[in-house]
file model-v1.tsv (TSV, C-alpha atoms (C1' of nucleotides))
chain	number	residue	atom	x	y	z
A	1	MET	CA	-41.39	13.08	19.37
A	2	GLN	CA	-39.22	10.23	18.10
A	3	SER	CA	-36.65	12.46	16.49
A	4	SER	CA	-33.83	12.51	19.04
A	5	ASP	CA	-31.96	9.92	17.04
A	6	SER	CA	-28.51	11.36	16.60
A	7	PRO	CA	-27.27	14.93	16.26
A	8	ALA	CA	-25.95	14.08	12.82
A	9	ARG	CA	-29.46	13.93	11.37
A	10	LEU	CA	-30.17	17.29	12.92
A	11	PHE	CA	-27.09	18.89	11.42
A	12	ALA	CA	-27.80	17.23	8.09
A	13	ALA	CA	-31.25	18.82	8.08
A	14	LEU	CA	-29.60	22.18	8.64
A	15	GLY	CA	-26.92	21.47	6.08
A	16	ASP	CA	-28.87	22.69	3.09
A	17	PRO	CA	-29.05	26.37	2.11
A	18	THR	CA	-32.76	26.21	1.30
A	19	ARG	CA	-33.69	24.58	4.59
A	20	LEU	CA	-31.39	26.88	6.53
A	21	GLY	CA	-33.14	29.83	4.93
A	22	LEU	CA	-36.51	28.41	5.91
A	23	ILE	CA	-35.42	28.13	9.52
A	24	ALA	CA	-34.01	31.63	9.45
A	25	ARG	CA	-37.32	32.98	8.19
A	26	LEU	CA	-39.36	30.96	10.67
A	27	ALA	CA	-37.21	32.20	13.55
A	28	ASP	CA	-39.49	35.19	13.95
A	29	GLY	CA	-42.11	32.87	15.38
A	30	LYS	CA	-44.67	33.43	12.66
A	31	ALA	CA	-46.60	30.46	11.34
A	32	ARG	CA	-46.53	30.21	7.56
A	33	SER	CA	-48.27	28.08	4.97
A	34	ILE	CA	-46.35	26.21	2.30
A	35	ALA	CA	-47.48	28.72	-0.30
A	36	GLN	CA	-46.28	31.60	1.85
A	37	MET	CA	-42.90	29.97	2.44
A	38	GLY	CA	-42.43	29.24	-1.24
A	39	GLU	CA	-43.38	32.65	-2.51
A	40	PRO	CA	-39.81	34.04	-2.67
A	41	LEU	CA	-38.16	30.74	-3.55
A	42	PRO	CA	-37.21	29.70	-7.09
A	43	ILE	CA	-38.13	26.06	-6.54
A	44	SER	CA	-41.33	24.15	-7.06
A	45	ARG	CA	-43.93	23.78	-4.34
A	46	GLN	CA	-43.28	20.05	-4.07
A	47	ALA	CA	-39.57	20.55	-3.60
A	48	LEU	CA	-40.33	22.97	-0.82
A	49	ALA	CA	-42.77	20.53	0.75
A	50	LYS	CA	-40.02	17.91	0.82
A	51	HIS	CA	-37.67	20.30	2.56
A	52	LEU	CA	-40.32	21.07	5.15
A	53	ASP	CA	-40.84	17.34	5.60
A	54	VAL	CA	-37.14	16.93	6.36
A	55	LEU	CA	-37.30	19.72	8.94
A	56	LEU	CA	-40.41	18.09	10.36
A	57	GLY	CA	-38.68	14.72	10.54
A	58	VAL	CA	-35.96	16.00	12.86
A	59	GLY	CA	-38.32	18.13	14.91
A	60	LEU	CA	-37.09	21.50	13.71
A	61	VAL	CA	-40.61	22.60	12.75
A	62	ARG	CA	-44.14	21.73	13.77
A	63	ARG	CA	-47.09	21.38	11.40
A	64	THR	CA	-50.61	22.59	12.06
A	65	ARG	CA	-53.62	22.30	9.81
A	66	VAL	CA	-55.80	25.37	9.46
A	67	GLY	CA	-58.53	24.75	6.96
A	68	ARG	CA	-56.89	23.74	3.72
A	69	GLU	CA	-53.59	25.26	4.76
A	70	ALA	CA	-50.64	23.55	6.47
A	71	ARG	CA	-48.97	26.06	8.74
A	72	PHE	CA	-45.41	25.58	9.93
A	73	VAL	CA	-43.81	27.01	13.07
A	74	MET	CA	-40.27	26.66	14.27
A	75	GLU	CA	-39.55	24.29	17.14
A	76	PRO	CA	-36.72	25.85	19.16
A	77	GLU	CA	-35.97	22.76	21.21
A	78	ALA	CA	-34.31	21.07	18.26
A	79	ILE	CA	-32.17	24.17	17.77
A	80	HIS	CA	-31.18	23.95	21.41
A	81	ALA	CA	-30.22	20.32	21.03
A	82	ALA	CA	-27.89	21.12	18.16
A	83	ARG	CA	-26.41	24.06	20.05
A	84	ASP	CA	-25.89	21.90	23.14
A	85	TRP	CA	-23.89	19.39	21.15
A	86	LEU	CA	-21.63	22.13	19.82
A	87	ASP	CA	-21.31	23.55	23.31
A	88	ALA	CA	-20.21	20.17	24.65
A	89	VAL	CA	-17.50	19.86	22.01
A	90	SER	CA	-16.41	23.42	22.60
A	91	ALA	CA	-16.37	22.94	26.36
A	92	GLN	CA	-14.26	19.83	26.07
A	93	TRP	CA	-11.80	21.74	23.91
A	94	ASP	CA	-11.62	24.59	26.37
A	95	GLY	CA	-11.30	22.15	29.26
A	96	THR	CA	-8.40	20.22	27.82
A	97	LEU	CA	-6.74	23.44	26.83
A	98	GLY	CA	-7.12	24.59	30.42
A	99	ARG	CA	-5.56	21.36	31.66
A	100	LEU	CA	-2.72	21.82	29.22
A	101	LYS	CA	-2.13	25.31	30.55
A	102	ALA	CA	-2.19	23.98	34.11
A	103	PHE	CA	0.34	21.34	33.19
A	104	VAL	CA	2.62	23.91	31.64
A	105	GLU	CA	2.27	26.16	34.66
A	106	GLU	CA	3.05	23.36	37.10
A	107	GLY	CA	5.74	21.55	35.20
A	108	GLY	CA	7.51	24.76	34.25
B	1	MET	CA	-9.31	31.41	5.63
B	2	GLN	CA	-11.75	31.32	2.76
B	3	SER	CA	-14.18	28.99	4.46
B	4	SER	CA	-16.77	31.43	5.85
B	5	ASP	CA	-18.96	30.85	2.83
B	6	SER	CA	-22.32	30.01	4.31
B	7	PRO	CA	-23.31	28.24	7.51
B	8	ALA	CA	-25.08	25.61	5.44
B	9	ARG	CA	-21.78	24.12	4.29
B	10	LEU	CA	-20.63	24.00	7.90
B	11	PHE	CA	-23.76	22.19	9.05
B	12	ALA	CA	-23.56	19.87	6.08
B	13	ALA	CA	-20.03	18.93	7.11
B	14	LEU	CA	-21.34	18.10	10.58
B	15	GLY	CA	-24.34	16.29	9.15
B	16	ASP	CA	-22.63	12.94	8.76
B	17	PRO	CA	-22.29	10.48	11.66
B	18	THR	CA	-18.74	9.53	10.73
B	19	ARG	CA	-17.56	13.14	10.55
B	20	LEU	CA	-19.44	14.06	13.70
B	21	GLY	CA	-17.65	11.22	15.45
B	22	LEU	CA	-14.30	12.47	14.20
B	23	ILE	CA	-14.99	15.93	15.58
B	24	ALA	CA	-16.12	14.45	18.89
B	25	ARG	CA	-12.86	12.51	19.16
B	26	LEU	CA	-10.72	15.47	18.15
B	27	ALA	CA	-12.44	17.67	20.73
B	28	ASP	CA	-9.82	16.66	23.29
B	29	GLY	CA	-7.31	18.82	21.46
B	30	LYS	CA	-4.99	15.98	20.55
B	31	ALA	CA	-3.49	15.82	17.07
B	32	ARG	CA	-4.03	12.53	15.29
B	33	SER	CA	-2.80	10.96	12.08
B	34	ILE	CA	-5.17	9.48	9.52
B	35	ALA	CA	-4.13	5.98	10.55
B	36	GLN	CA	-4.86	6.77	14.18
B	37	MET	CA	-8.25	8.25	13.36
B	38	GLY	CA	-9.20	5.29	11.22
B	39	GLU	CA	-8.12	2.60	13.65
B	40	PRO	CA	-11.57	2.12	15.26
B	41	LEU	CA	-13.59	2.86	12.12
B	42	PRO	CA	-15.04	0.19	9.82
B	43	ILE	CA	-14.36	2.19	6.65
B	44	SER	CA	-11.38	2.30	4.34
B	45	ARG	CA	-8.52	4.73	4.83
B	46	GLN	CA	-9.46	6.61	1.67
B	47	ALA	CA	-13.04	7.07	2.76
B	48	LEU	CA	-11.74	8.48	6.02
B	49	ALA	CA	-9.35	10.78	4.17
B	50	LYS	CA	-12.28	12.15	2.18
B	51	HIS	CA	-14.21	12.87	5.35
B	52	LEU	CA	-11.21	14.68	6.80
B	53	ASP	CA	-10.95	16.65	3.56
B	54	VAL	CA	-14.55	17.77	3.98
B	55	LEU	CA	-13.88	18.88	7.54
B	56	LEU	CA	-10.76	20.64	6.30
B	57	GLY	CA	-12.71	22.38	3.56
B	58	VAL	CA	-15.04	24.10	6.02
B	59	GLY	CA	-12.30	24.87	8.50
B	60	LEU	CA	-13.38	22.43	11.19
B	61	VAL	CA	-9.92	20.84	11.34
B	62	ARG	CA	-6.37	21.90	10.55
B	63	ARG	CA	-3.76	19.71	8.88
B	64	THR	CA	-0.10	19.54	9.79
B	65	ARG	CA	2.57	17.42	8.20
B	66	VAL	CA	4.96	15.64	10.52
B	67	GLY	CA	7.31	13.46	8.56
B	68	ARG	CA	5.23	11.07	6.52
B	69	GLU	CA	2.22	11.62	8.75
B	70	ALA	CA	-0.65	14.07	8.32
B	71	ARG	CA	-1.82	15.18	11.73
B	72	PHE	CA	-5.25	16.71	12.26
B	73	VAL	CA	-6.36	19.01	15.04
B	74	MET	CA	-9.75	20.49	15.69
B	75	GLU	CA	-10.34	24.14	14.85
B	76	PRO	CA	-12.77	25.47	17.46
B	77	GLU	CA	-13.52	28.71	15.62
B	78	ALA	CA	-15.64	26.89	13.07
B	79	ILE	CA	-17.58	25.27	15.90
B	80	HIS	CA	-18.16	28.70	17.36
B	81	ALA	CA	-19.41	30.00	14.03
B	82	ALA	CA	-22.01	27.24	13.83
B	83	ARG	CA	-23.04	27.78	17.43
B	84	ASP	CA	-23.35	31.52	16.87
B	85	TRP	CA	-25.74	30.96	13.99
B	86	LEU	CA	-27.93	28.74	16.15
B	87	ASP	CA	-27.75	31.29	18.95
B	88	ALA	CA	-28.93	34.03	16.64
B	89	VAL	CA	-31.93	31.99	15.54
B	90	SER	CA	-32.68	31.01	19.11
B	91	ALA	CA	-32.34	34.57	20.34
B	92	GLN	CA	-34.71	35.85	17.71
B	93	TRP	CA	-37.25	33.23	18.72
B	94	ASP	CA	-36.87	34.01	22.41
B	95	GLY	CA	-37.39	37.70	21.76
B	96	THR	CA	-40.71	39.10	22.95
B	97	LEU	CA	-41.54	40.29	19.48
B	98	GLY	CA	-41.22	36.79	18.08
B	99	ARG	CA	-43.31	35.26	20.82
B	100	LEU	CA	-45.99	37.88	20.41
B	101	LYS	CA	-46.16	37.28	16.70
B	102	ALA	CA	-46.41	33.56	17.31
B	103	PHE	CA	-49.28	34.10	19.70
B	104	VAL	CA	-51.14	36.34	17.31
B	105	GLU	CA	-50.62	34.05	14.35
B	106	GLU	CA	-51.53	30.86	16.12
B	107	GLY	CA	-54.10	31.77	18.71
B	108	GLY	CA	-55.93	34.30	16.61
C	1	DC	C1'	-72.98	22.79	-7.50
C	2	DA	C1'	-68.96	24.51	-9.89
C	3	DT	C1'	-64.58	26.47	-9.59
C	4	DA	C1'	-60.44	28.13	-7.78
C	5	DT	C1'	-57.08	27.39	-4.11
C	6	DA	C1'	-53.82	24.65	-1.11
C	7	DT	C1'	-51.93	20.67	-0.39
C	8	DG	C1'	-50.83	15.45	-0.79
C	9	DC	C1'	-49.17	11.48	-3.38
C	10	DA	C1'	-46.42	9.15	-6.80
C	11	DA	C1'	-43.36	8.24	-10.64
C	12	DT	C1'	-39.28	9.85	-12.63
C	13	DC	C1'	-34.75	12.08	-13.59
C	14	DT	C1'	-30.12	13.59	-12.57
C	15	DC	C1'	-26.24	14.30	-9.90
C	16	DC	C1'	-23.13	13.82	-6.30
C	17	DA	C1'	-21.81	12.14	-1.60
C	18	DG	C1'	-19.79	8.18	0.36
C	19	DG	C1'	-17.76	4.08	-0.50
C	20	DT	C1'	-14.45	0.89	-2.82
C	21	DT	C1'	-10.03	-0.83	-5.31
C	22	DG	C1'	-5.60	-0.08	-7.51
C	23	DC	C1'	-1.48	2.29	-8.10
C	24	DA	C1'	1.89	6.15	-7.10
C	25	DT	C1'	4.74	8.81	-3.95
C	26	DA	C1'	7.21	10.08	0.18
C	27	DT	C1'	9.35	8.99	4.56
C	28	DT	C1'	11.30	5.79	8.10
C	29	DG	C1'	14.11	1.83	9.39
C	30	DT	C1'	17.49	-2.09	8.66
D	1	DA	C1'	19.69	-0.03	-1.43
D	2	DC	C1'	15.53	-2.23	0.09
D	3	DA	C1'	11.48	-3.04	2.59
D	4	DA	C1'	7.80	-1.29	5.39
D	5	DT	C1'	4.82	2.44	6.63
D	6	DA	C1'	1.71	6.55	5.74
D	7	DT	C1'	-0.43	9.04	2.70
D	8	DG	C1'	-2.01	10.97	-2.01
D	9	DC	C1'	-4.27	10.45	-6.42
D	10	DA	C1'	-7.54	8.58	-9.66
D	11	DA	C1'	-11.07	5.75	-11.65
D	12	DC	C1'	-15.19	3.61	-10.63
D	13	DC	C1'	-19.70	2.09	-8.52
D	14	DT	C1'	-24.07	2.83	-6.14
D	15	DG	C1'	-27.84	4.72	-3.34
D	16	DG	C1'	-30.24	8.43	-2.13
D	17	DA	C1'	-30.98	13.62	-2.00
D	18	DG	C1'	-33.07	17.31	-4.49
D	19	DA	C1'	-35.63	18.53	-8.17
D	20	DT	C1'	-39.34	18.00	-11.66
D	21	DT	C1'	-44.13	16.85	-13.73
D	22	DG	C1'	-48.75	14.93	-13.49
D	23	DC	C1'	-52.69	13.71	-11.09
D	24	DA	C1'	-55.63	13.25	-6.81
D	25	DT	C1'	-57.88	15.20	-2.78
D	26	DA	C1'	-59.71	18.54	0.43
D	27	DT	C1'	-61.41	23.15	1.44
D	28	DA	C1'	-63.03	27.78	0.50
D	29	DT	C1'	-65.91	30.81	-2.55
D	30	DG	C1'	-69.16	32.39	-6.08
call {"tool": "encode", "arguments": {"input": "model-v1.tsv", "output": "structure tokens"}}
result
Amino acid sequence: MQSSDSPARLFAALGDPTRLGLIARLADGKARSIAQMGEPLPISRQALAKHLDVLLGVGLVRRTRVGREARFVMEPEAIHAARDWLDAVSAQWDGTLGRLKAFVEEGG
Amino acid sequence: MQSSDSPARLFAALGDPTRLGLIARLADGKARSIAQMGEPLPISRQALAKHLDVLLGVGLVRRTRVGREARFVMEPEAIHAARDWLDAVSAQWDGTLGRLKAFVEEGG
DNA sequence: CATATATGCAATCTCCAGGTTGCATATTGT
DNA sequence: ACAATATGCAACCTGGAGATTGCATATATG
């Protein structure tokens, strides 16, 4: 696990419709091979493999070899990391807004 | 509000270290001009303006003209939209059905 | 063993994101 | 009016993302 570089890389990995769709499909917890993942997609197998490599690089999925297949499962911790970053930003916004309200209340 | 296209565009907007830094700074709720935002950054003013345009395009910031200045404020609703997407994925994973499927698929 | 299946590796192509420079426009200040 | 400030607009350059094709390798199956 050397992927906790910066949240930007994580968001960048999610910032592609194909990859986002892969994550959405893998969210059911099922492990899928590359061929299975690519079955409904209009792109080549190699393009798909690259996308999965990107997701792997930021820790959003985990790879397991089963025979000649490479099965991919979602890794929810990376999702949590991204969500935590957004929560922090959101919390800071809500906090400062609360302080602004307090100021208005006090100052009149 | 025509920005609720797909979450991928939102994540893509966040998937750049410069833009992520801008959002982090704007999370305090203060409105800042382009010159103010660019003061600590090692990039040109035009590059910064493009980044702010990207954030504007997905609804992450709001622009207000004050005299000759263009002030930017964060728009927390877009942050919430991104967080909600991650929550949905996470919730699906955490569901018992998803975990059971994962166990069956992996463990055999 | 021979063959089909599933994936890995590598070279290549194209396009656009992110950056720059130069000039134009609008607003403030003297 | 004139100069300084703040931004907008446009052309341009470059590296890398996303895709392709072709070939190599490993595993299952007859």
call {"tool": "interface_residues", "arguments": {"input": "model-v1.tsv", "of": "chain A", "to": "chain C", "cutoff": "9 Å", "atoms": "only C-alpha atoms (C1' of nucleotides)", "output": "VMD selection string"}}
result
chain A and resid 33 to 35 68 to 70
call {"tool": "write_last_selection", "arguments": {"input": "model-v1.tsv", "atoms": "C-alpha atoms", "output": "short mmCIF file (atom, residue, chain, number, x, y, z; two decimals), in the coordinates of the input"}}
result
data_model
loop_
_atom_site.label_atom_id
_atom_site.label_comp_id
_atom_site.auth_asym_id
_atom_site.auth_seq_id
_atom_site.Cartn_x
_atom_site.Cartn_y
_atom_site.Cartn_z
CA SER A 33 -48.27 28.08 4.97
CA ILE A 34 -46.35 26.21 2.30
CA ALA A 35 -47.48 28.72 -0.30
CA ARG A 68 -56.89 23.74 3.72
CA GLU A 69 -53.59 25.26 4.76
CA ALA A 70 -50.64 23.55 6.47
#
call {"tool": "calpha_fit_and_write", "arguments": {"input": "model-v1.tsv", "fixed": "chain B", "moving": "chain A", "output": "short mmCIF file (atom, residue, chain, number, x, y, z; two decimals) with C-alpha atoms, in the frame of the given file"}}
result
data_model
loop_
_atom_site.label_atom_id
_atom_site.label_comp_id
_atom_site.auth_asym_id
_atom_site.auth_seq_id
_atom_site.Cartn_x
_atom_site.Cartn_y
_atom_site.Cartn_z
CA MET A 1 -9.05 30.87 5.81
CA GLN A 2 -11.27 31.00 2.73
CA SER A 3 -13.85 28.60 4.07
CA SER A 4 -16.62 30.90 5.28
CA ASP A 5 -18.55 30.26 2.11
CA SER A 6 -22.00 29.27 3.27
CA PRO A 7 -23.20 27.41 6.34
CA ALA A 8 -24.59 24.71 4.09
CA ARG A 9 -21.11 23.44 3.26
CA LEU A 10 -20.34 23.34 6.95
CA PHE A 11 -23.43 21.33 7.78
CA ALA A 12 -22.79 19.06 4.81
CA ALA A 13 -19.32 18.31 6.18
CA LEU A 14 -20.93 17.36 9.47
CA GLY A 15 -23.66 15.40 7.75
CA ASP A 16 -21.75 12.16 7.50
CA PRO A 17 -21.55 9.66 10.37
CA THR A 18 -17.85 8.96 9.81
CA ARG A 19 -16.89 12.62 9.78
CA LEU A 20 -19.13 13.38 12.73
CA GLY A 21 -17.37 10.62 14.65
CA LEU A 22 -14.00 12.09 13.75
CA ILE A 23 -15.03 15.47 15.10
CA ALA A 24 -16.41 13.88 18.24
CA ARG A 25 -13.11 12.12 18.84
CA LEU A 26 -11.05 15.22 18.08
CA ALA A 27 -13.13 17.28 20.50
CA ASP A 28 -10.81 16.30 23.32
CA GLY A 29 -8.20 18.58 21.82
CA LYS A 30 -5.68 15.86 21.08
CA ALA A 31 -3.80 15.96 17.80
CA ARG A 32 -3.94 12.67 15.92
CA SER A 33 -2.27 11.27 12.84
CA ILE A 34 -4.25 9.71 10.02
CA ALA A 35 -3.14 6.26 11.11
CA GLN A 36 -4.27 6.94 14.67
CA MET A 37 -7.66 8.22 13.52
CA GLY A 38 -8.20 5.24 11.25
CA GLU A 39 -7.24 2.59 13.74
CA PRO A 40 -10.79 1.88 14.98
CA LEU A 41 -12.49 2.55 11.66
CA PRO A 42 -13.51 -0.16 9.18
CA ILE A 43 -12.62 1.93 6.14
CA SER A 44 -9.45 2.26 4.14
CA ARG A 45 -6.81 4.84 4.96
CA GLN A 46 -7.49 6.73 1.74
CA ALA A 47 -11.19 6.97 2.46
CA LEU A 48 -10.36 8.40 5.84
CA ALA A 49 -7.92 10.85 4.30
CA LYS A 50 -10.69 12.10 2.02
CA HIS A 51 -12.99 12.64 4.97
CA LEU A 52 -10.28 14.59 6.76
CA ASP A 53 -9.79 16.63 3.60
CA VAL A 54 -13.49 17.54 3.62
CA LEU A 55 -13.25 18.62 7.26
CA LEU A 56 -10.14 20.58 6.37
CA GLY A 57 -11.90 22.24 3.45
CA VAL A 58 -14.56 23.79 5.66
CA GLY A 59 -12.15 24.67 8.44
CA LEU A 60 -13.36 22.13 10.96
CA VAL A 61 -9.85 20.74 11.47
CA ARG A 62 -6.31 22.01 11.07
CA ARG A 63 -3.40 20.00 9.67
CA THR A 64 0.14 20.02 10.98
CA ARG A 65 3.11 18.09 9.68
CA VAL A 66 5.31 16.41 12.25
CA GLY A 67 7.99 14.40 10.55
CA ARG A 68 6.29 11.96 8.25
CA GLU A 69 3.02 12.26 10.13
CA ALA A 70 0.08 14.58 9.39
CA ARG A 71 -1.52 15.53 12.67
CA PHE A 72 -5.07 16.85 12.82
CA VAL A 73 -6.60 19.06 15.51
CA MET A 74 -10.12 20.33 15.79
CA GLU A 75 -10.81 23.96 14.93
CA PRO A 76 -13.59 25.12 17.27
CA GLU A 77 -14.34 28.32 15.40
CA ALA A 78 -16.07 26.43 12.62
CA ILE A 79 -18.18 24.66 15.22
CA HIS A 80 -19.11 28.03 16.64
CA ALA A 81 -20.12 29.30 13.23
CA ALA A 82 -22.49 26.39 12.73
CA ARG A 83 -23.90 26.81 16.22
CA ASP A 84 -24.39 30.54 15.65
CA TRP A 85 -26.45 29.88 12.56
CA LEU A 86 -28.71 27.51 14.47
CA ASP A 87 -28.95 30.02 17.28
CA ALA A 88 -30.06 32.72 14.86
CA VAL A 89 -32.82 30.52 13.46
CA SER A 90 -33.86 29.49 16.94
CA ALA A 91 -33.84 33.08 18.16
CA GLN A 92 -35.99 34.21 15.27
CA TRP A 93 -38.47 31.46 16.08
CA ASP A 94 -38.58 32.42 19.73
CA GLY A 95 -38.87 36.09 18.81
CA THR A 96 -41.82 35.68 16.49
CA LEU A 97 -43.46 33.39 18.98
CA GLY A 98 -43.01 36.10 21.58
CA ARG A 99 -44.58 38.66 19.25
CA LEU A 100 -47.45 36.29 18.64
CA LYS A 101 -47.99 35.96 22.37
CA ALA A 102 -47.88 39.74 22.74
CA PHE A 103 -50.45 40.10 20.01
CA VAL A 104 -52.73 37.61 21.67
CA GLU A 105 -52.30 39.33 25.01
CA GLU A 106 -53.07 42.76 23.58
CA GLY A 107 -55.81 41.87 21.17
CA GLY A 108 -57.57 39.63 23.66
#
call {"tool": "residues_around", "arguments": {"input": "model-v1.tsv", "residues": "A:Ser90", "least_positions_apart": "3", "cutoff": "9 Å", "atoms": "all atoms listed in the file", "output": "PDB file with C-alpha atoms, in the frame of the given file"}}
result
ATOM      1  CA  TRP A  85     -23.890  19.390  21.150  1.00  0.00           C
ATOM      2  CA  LEU A  86     -21.630  22.130  19.820  1.00  0.00           C
ATOM      3  CA  ASP A  87     -21.310  23.550  23.310  1.00  0.00           C
ATOM      4  CA  TRP A  93     -11.800  21.740  23.910  1.00  0.00           C
ATOM      5  CA  ASP A  94     -11.620  24.590  26.370  1.00  0.00           C
ATOM      6  CA  GLY A  95     -11.300  22.150  29.260  1.00  0.00           C
TER       7      GLY A  95
ATOM      8  CA  ALA B  27     -12.440  17.670  20.730  1.00  0.00           C
ATOM      9  CA  PRO B  76     -12.770  25.470  17.460  1.00  0.00           C
ATOM     10  CA  ILE B  79     -17.580  25.270  15.900  1.00  0.00           C
ATOM     11  CA  HIS B  80     -18.160  28.700  17.360  1.00  0.00           C
TER      12      HIS B  80
END
call {"tool": "closest_atom_pairs", "arguments": {"input": "model-v1.tsv", "of": "chain A", "to": "chain D", "cutoff": "12 Å", "atoms": "all atoms listed in the file", "output": "JSON lines"}}
result
{"residue": "A:Ala12", "atom": "CA", "partner": "D:DA17", "partner_atom": "C1'", "distance": 11.2}
{"residue": "A:Ala13", "atom": "CA", "partner": "D:DA17", "partner_atom": "C1'", "distance": 11.3}
{"residue": "A:Gly15", "atom": "CA", "partner": "D:DA17", "partner_atom": "C1'", "distance": 12.0}
{"residue": "A:Asp16", "atom": "CA", "partner": "D:DG18", "partner_atom": "C1'", "distance": 10.2}
{"residue": "A:Pro17", "atom": "CA", "partner": "D:DG18", "partner_atom": "C1'", "distance": 11.9}
{"residue": "A:Thr18", "atom": "CA", "partner": "D:DG18", "partner_atom": "C1'", "distance": 10.6}
{"residue": "A:Arg19", "atom": "CA", "partner": "D:DG18", "partner_atom": "C1'", "distance": 11.6}
{"residue": "A:Pro42", "atom": "CA", "partner": "D:DA19", "partner_atom": "C1'", "distance": 11.3}
{"residue": "A:Ile43", "atom": "CA", "partner": "D:DA19", "partner_atom": "C1'", "distance": 8.1}
{"residue": "A:Ser44", "atom": "CA", "partner": "D:DT20", "partner_atom": "C1'", "distance": 7.9}
{"residue": "A:Arg45", "atom": "CA", "partner": "D:DT20", "partner_atom": "C1'", "distance": 10.4}
{"residue": "A:Gln46", "atom": "CA", "partner": "D:DT20", "partner_atom": "C1'", "distance": 8.8}
{"residue": "A:Ala47", "atom": "CA", "partner": "D:DA19", "partner_atom": "C1'", "distance": 6.4}
{"residue": "A:Leu48", "atom": "CA", "partner": "D:DA19", "partner_atom": "C1'", "distance": 9.8}
{"residue": "A:Ala49", "atom": "CA", "partner": "D:DG18", "partner_atom": "C1'", "distance": 11.5}
{"residue": "A:Lys50", "atom": "CA", "partner": "D:DG18", "partner_atom": "C1'", "distance": 8.8}
{"residue": "A:His51", "atom": "CA", "partner": "D:DG18", "partner_atom": "C1'", "distance": 8.9}
{"residue": "A:Val54", "atom": "CA", "partner": "D:DA17", "partner_atom": "C1'", "distance": 10.9}
{"residue": "A:Arg65", "atom": "CA", "partner": "D:DT27", "partner_atom": "C1'", "distance": 11.5}
{"residue": "A:Val66", "atom": "CA", "partner": "D:DT27", "partner_atom": "C1'", "distance": 10.0}
{"residue": "A:Gly67", "atom": "CA", "partner": "D:DT27", "partner_atom": "C1'", "distance": 6.4}
{"residue": "A:Arg68", "atom": "CA", "partner": "D:DT27", "partner_atom": "C1'", "distance": 5.1}
{"residue": "A:Glu69", "atom": "CA", "partner": "D:DT27", "partner_atom": "C1'", "distance": 8.8}
{"residue": "A:Ala70", "atom": "CA", "partner": "D:DT27", "partner_atom": "C1'", "distance": 11.9}
call {"tool": "atom_distance", "arguments": {"input": "model-v1.tsv", "atom1": "atom CA of A:Leu97", "atom2": "atom CA of B:Met37"}}
result
20.4 Å
call {"tool": "build_atoms", "arguments": {"input": "model-v1.tsv", "residues": "stretch 9-20 of chain A", "atoms": "N, CA and C atoms", "output": "tab-separated table (two decimals), in the coordinates of the input"}}
result
chain	number	residue	atom	x	y	z
A	9	ARG	N	-28.27	13.70	12.19
A	9	ARG	CA	-29.46	13.93	11.37
A	9	ARG	C	-29.92	15.37	11.48
A	10	LEU	N	-29.79	15.91	12.70
A	10	LEU	CA	-30.17	17.29	12.92
A	10	LEU	C	-29.29	18.23	12.10
A	11	PHE	N	-28.00	18.03	12.17
A	11	PHE	CA	-27.09	18.89	11.42
A	11	PHE	C	-27.28	18.70	9.91
A	12	ALA	N	-27.57	17.49	9.52
A	12	ALA	CA	-27.80	17.23	8.09
A	12	ALA	C	-29.02	18.00	7.61
A	13	ALA	N	-30.05	18.07	8.45
A	13	ALA	CA	-31.25	18.82	8.08
A	13	ALA	C	-30.92	20.30	7.92
A	14	LEU	N	-30.00	20.78	8.74
A	14	LEU	CA	-29.60	22.18	8.64
A	14	LEU	C	-28.58	22.41	7.53
A	15	GLY	N	-28.01	21.35	7.04
A	15	GLY	CA	-26.92	21.47	6.08
A	15	GLY	C	-27.35	21.65	4.65
A	16	ASP	N	-28.41	22.37	4.44
A	16	ASP	CA	-28.87	22.69	3.09
A	16	ASP	C	-29.28	24.16	3.07
A	17	PRO	N	-28.78	24.93	2.11
A	17	PRO	CA	-29.05	26.37	2.11
A	17	PRO	C	-30.53	26.71	2.09
A	18	THR	N	-31.32	25.94	1.34
A	18	THR	CA	-32.76	26.21	1.30
A	18	THR	C	-33.39	26.01	2.67
A	19	ARG	N	-33.10	24.86	3.28
A	19	ARG	CA	-33.69	24.58	4.59
A	19	ARG	C	-33.20	25.56	5.65
A	20	LEU	N	-31.91	25.92	5.57
A	20	LEU	CA	-31.39	26.88	6.53
A	20	LEU	C	-32.10	28.22	6.39
